[in-house]
Amino acid sequence: MELTYRPGNKGDQVVVVPSGDIDLYASVAFCNAVIARLESGTPKMVLDFTAVRYLDSSGVGALIRLVQKAKTLGGEIRIAKLGGTPRKVLEMSNIITLFKVSPDVETALKTWS
Amino acid sequence: MKPLFIVRKLIVDDRNELFDAQGMRLVEYPSDLSKVRQYATEVLKGCSPKFLEENLLEQQLSELIKNAIKHGNGSDPAKTVRIWFDLRKRVRFIVEDEGAGFTNLEIWNEFFRKRQTALYEQDFDAFLELASYRSPQSDESDGGNSLIAALEYWNGGMIYNGKRNKVGVVRWFSA
């Protein structure tokens with residue numbers, strides 16, 4: 001699992017691009033790294049799931065913790081380019097209801113007030 | 001008018017036909033948490049791509065194996081996980097561990113009822129609080145939602161035996 005970051009359209013926004021599987025072996029490191037980024041002044045975050053092909057319950061749990069953390073910081077987590085197994089797993093667990101899902105990163109950023 | 005509100009739940013039924021292992025293949029693995037996905041991949045070798053649904057079947061089978069190794073056997077390498085499988089007309093598994101059984105099953109069912117009620121009532125603050133099931137044994141890598149997705153995924157049934165250390169599941173696919 002690799003993470004890359006790029007700035008959003010405003011100073012409190014960030015785009016995070018995970019690459020690889022968010023599974024029981026990677027989810028804790030993923031969660032801790034992204035929470036640190038949320039706490040560093042960018043609580044509005046878009047997760048670009050273009051390169052995520054596998055998400056398990058540990059990864060879903062990590063995403064739930066990110067939503068909870070963002071909420072305490074007055075921010076929000078959005079997901080772009082969600083498809084395949086990660087989308088199905090989020091749908092089956094109903095967790096998709098916690099996110100605004102966008103077709104691409106630009107749309108996710110653009111619709112932020 | 002709101003749609004009908006139905007909450008699924010985990011069921012215990014020792015005599016259920018999902019525990020009939022006749023004609024199923026059996027493999028046995030030591031409780032090595034680092035090999036959960038490897039075990040699932042081995043079991044699914046040769047499985048029809050239609051059943052695999054990219055890697056969704058591997059993901060769901062991995063959850064069952066992880067639960068058996070981690071929560072059932074406490075990751076004790078001396079304890080094994082037994083997996084019966086049949087991948088012919090549909091996918092069917094029985095996964096058994098050597099643990100004391102899922103003693104919190106009724107607590108989990110009550111958690112799930114509250115969670116789904118919050119969702120039905122669109123109380124998203126309550127839903128966020130209830131999004132993950134947590135028990136005293138949960139650690140930070142436990143997502144607390146594998147059984148929720150499993151109840152949805154295993155569309156032909158998901159049944160525990162009386163001791164609750166064995167689960168039988170089946171998923172059907174349209175023609």
# chains A, B, ... in the order shown; residues from 1 in each chain; ligands from 1
call {"tool": "closest_atom_pairs", "arguments": {"of": "chain A", "to": "chain B", "cutoff": "12 Å", "atoms": "only C-alpha atoms", "output": "JSON lines"}}
result
{"residue": "A:Asp21", "atom": "CA", "partner": "B:Gln59", "partner_atom": "CA", "distance": 10.9}
{"residue": "A:Ile22", "atom": "CA", "partner": "B:Ser141", "partner_atom": "CA", "distance": 11.1}
{"residue": "A:Asp23", "atom": "CA", "partner": "B:Ser141", "partner_atom": "CA", "distance": 9.1}
{"residue": "A:Leu24", "atom": "CA", "partner": "B:Ser141", "partner_atom": "CA", "distance": 6.3}
{"residue": "A:Tyr25", "atom": "CA", "partner": "B:Ser34", "partner_atom": "CA", "distance": 7.8}
{"residue": "A:Ala26", "atom": "CA", "partner": "B:Ser141", "partner_atom": "CA", "distance": 8.9}
{"residue": "A:Ser27", "atom": "CA", "partner": "B:Ser141", "partner_atom": "CA", "distance": 6.7}
{"residue": "A:Val28", "atom": "CA", "partner": "B:Ser141", "partner_atom": "CA", "distance": 5.9}
{"residue": "A:Ala29", "atom": "CA", "partner": "B:Ser141", "partner_atom": "CA", "distance": 9.6}
{"residue": "A:Phe30", "atom": "CA", "partner": "B:Ser141", "partner_atom": "CA", "distance": 10.8}
{"residue": "A:Cys31", "atom": "CA", "partner": "B:Glu140", "partner_atom": "CA", "distance": 9.7}
{"residue": "A:Asn32", "atom": "CA", "partner": "B:Glu140", "partner_atom": "CA", "distance": 10.3}
{"residue": "A:Val52", "atom": "CA", "partner": "B:Asn55", "partner_atom": "CA", "distance": 11.9}
{"residue": "A:Arg53", "atom": "CA", "partner": "B:Asn55", "partner_atom": "CA", "distance": 8.3}
{"residue": "A:Tyr54", "atom": "CA", "partner": "B:Asn55", "partner_atom": "CA", "distance": 7.3}
{"residue": "A:Leu55", "atom": "CA", "partner": "B:Gln59", "partner_atom": "CA", "distance": 7.7}
{"residue": "A:Asp56", "atom": "CA", "partner": "B:Gln59", "partner_atom": "CA", "distance": 6.3}
{"residue": "A:Ser57", "atom": "CA", "partner": "B:Gly143", "partner_atom": "CA", "distance": 4.9}
{"residue": "A:Ser58", "atom": "CA", "partner": "B:Gly143", "partner_atom": "CA", "distance": 4.1}
{"residue": "A:Gly59", "atom": "CA", "partner": "B:Gly143", "partner_atom": "CA", "distance": 6.8}
{"residue": "A:Val60", "atom": "CA", "partner": "B:Gly143", "partner_atom": "CA", "distance": 6.1}
{"residue": "A:Gly61", "atom": "CA", "partner": "B:Gly143", "partner_atom": "CA", "distance": 3.7}
{"residue": "A:Ala62", "atom": "CA", "partner": "B:Gly143", "partner_atom": "CA", "distance": 6.8}
{"residue": "A:Leu63", "atom": "CA", "partner": "B:Gly143", "partner_atom": "CA", "distance": 9.1}
{"residue": "A:Ile64", "atom": "CA", "partner": "B:Ala131", "partner_atom": "CA", "distance": 7.1}
{"residue": "A:Arg65", "atom": "CA", "partner": "B:Ser132", "partner_atom": "CA", "distance": 9.2}
{"residue": "A:Leu66", "atom": "CA", "partner": "B:Leu128", "partner_atom": "CA", "distance": 11.1}
{"residue": "A:Val67", "atom": "CA", "partner": "B:Leu128", "partner_atom": "CA", "distance": 8.3}
{"residue": "A:Gln68", "atom": "CA", "partner": "B:Leu128", "partner_atom": "CA", "distance": 7.3}
{"residue": "A:Lys69", "atom": "CA", "partner": "B:Leu128", "partner_atom": "CA", "distance": 11.1}
{"residue": "A:Lys71", "atom": "CA", "partner": "B:Asp125", "partner_atom": "CA", "distance": 10.1}
{"residue": "A:Thr72", "atom": "CA", "partner": "B:Asp125", "partner_atom": "CA", "distance": 11.9}
{"residue": "A:Gly83", "atom": "CA", "partner": "B:Glu54", "partner_atom": "CA", "distance": 11.3}
{"residue": "A:Gly84", "atom": "CA", "partner": "B:Glu54", "partner_atom": "CA", "distance": 7.6}
{"residue": "A:Thr85", "atom": "CA", "partner": "B:Leu56", "partner_atom": "CA", "distance": 5.5}
{"residue": "A:Pro86", "atom": "CA", "partner": "B:Leu56", "partner_atom": "CA", "distance": 8.7}
{"residue": "A:Arg87", "atom": "CA", "partner": "B:Leu56", "partner_atom": "CA", "distance": 10.3}
{"residue": "A:Lys88", "atom": "CA", "partner": "B:Leu56", "partner_atom": "CA", "distance": 8.0}
{"residue": "A:Val89", "atom": "CA", "partner": "B:Ala149", "partner_atom": "CA", "distance": 6.6}
{"residue": "A:Leu90", "atom": "CA", "partner": "B:Ala149", "partner_atom": "CA", "distance": 8.2}
{"residue": "A:Glu91", "atom": "CA", "partner": "B:Ala149", "partner_atom": "CA", "distance": 8.2}
{"residue": "A:Met92", "atom": "CA", "partner": "B:Ala149", "partner_atom": "CA", "distance": 4.7}
{"residue": "A:Ser93", "atom": "CA", "partner": "B:Ala149", "partner_atom": "CA", "distance": 4.6}
{"residue": "A:Asn94", "atom": "CA", "partner": "B:Ala149", "partner_atom": "CA", "distance": 8.2}
{"residue": "A:Ile95", "atom": "CA", "partner": "B:Ala131", "partner_atom": "CA", "distance": 7.2}
{"residue": "A:Ile96", "atom": "CA", "partner": "B:Ala131", "partner_atom": "CA", "distance": 10.9}
{"residue": "A:Thr97", "atom": "CA", "partner": "B:Phe124", "partner_atom": "CA", "distance": 8.5}
{"residue": "A:Leu98", "atom": "CA", "partner": "B:Leu128", "partner_atom": "CA", "distance": 7.5}
{"residue": "A:Phe99", "atom": "CA", "partner": "B:Phe124", "partner_atom": "CA", "distance": 11.0}
call {"tool": "residues_around", "arguments": {"residues": "A:Pro7", "least_positions_apart": "3", "cutoff": "10 Å", "atoms": "only C-alpha atoms", "output": "PDB file with C-alpha atoms, in the first residue's frame"}}
result
ATOM      1  CA  LYS A  10      -8.319  25.341  -1.096  1.00  0.00           C
ATOM      2  CA  GLY A  11      -5.879  25.209   1.789  1.00  0.00           C
ATOM      3  CA  ASP A  12      -8.022  22.923   3.924  1.00  0.00           C
ATOM      4  CA  GLN A  13      -8.427  20.327   1.159  1.00  0.00           C
ATOM      5  CA  VAL A  14      -6.212  17.423   0.205  1.00  0.00           C
ATOM      6  CA  VAL A  15      -6.396  14.576  -2.301  1.00  0.00           C
ATOM      7  CA  VAL A  16      -5.093  11.224  -1.112  1.00  0.00           C
ATOM      8  CA  THR A  42      -6.617  19.491   5.810  1.00  0.00           C
ATOM      9  CA  MET A  45     -10.202  15.036   1.975  1.00  0.00           C
ATOM     10  CA  VAL A  46     -10.861  13.272  -1.298  1.00  0.00           C
TER      11      VAL A  46
END
call {"tool": "closest_residue", "arguments": {"among": "B:Trp172, B:Phe85, B:Tyr160, B:Phe93", "to": "B:Met24", "atoms": "only C-alpha atoms"}}
result
B:Phe85
call {"tool": "select_by_dssp", "arguments": {"residues": "stretch 110-154 of chain B", "states": "helix (DSSP H, G or I)", "output": "PyMOL selection string"}}
result
chain B and resi 110-120+124-129+146-153
call {"tool": "select_by_dssp", "arguments": {"residues": "stretch 53-145 of chain B", "states": "strand (DSSP E)", "output": "list in words"}}
result
Thr80, Val81, Arg82, Ile83, Trp84, Phe85, Asp86, Val91, Arg92, Phe93, Ile94, Val95 and Glu96 of chain B
call {"tool": "write_last_selection", "arguments": {"atoms": "C-alpha atoms", "output": "compact mmCIF listing (two decimals), in the first residue's frame"}}
result
# COMPACT_ATOMS: atom_id res chain seq x y z
CA THR B 80 -6.33 -25.44 12.75
CA VAL B 81 -9.08 -24.17 10.51
CA ARG B 82 -11.01 -26.66 8.42
CA ILE B 83 -12.65 -25.55 5.20
CA TRP B 84 -15.07 -27.67 3.20
CA PHE B 85 -15.84 -26.25 -0.22
CA ASP B 86 -17.88 -26.91 -3.35
CA VAL B 91 -20.12 -21.57 -4.15
CA ARG B 92 -20.57 -23.24 -0.81
CA PHE B 93 -18.26 -23.34 2.22
CA ILE B 94 -18.19 -24.68 5.74
CA VAL B 95 -15.49 -23.08 7.91
CA GLU B 96 -14.73 -24.57 11.31
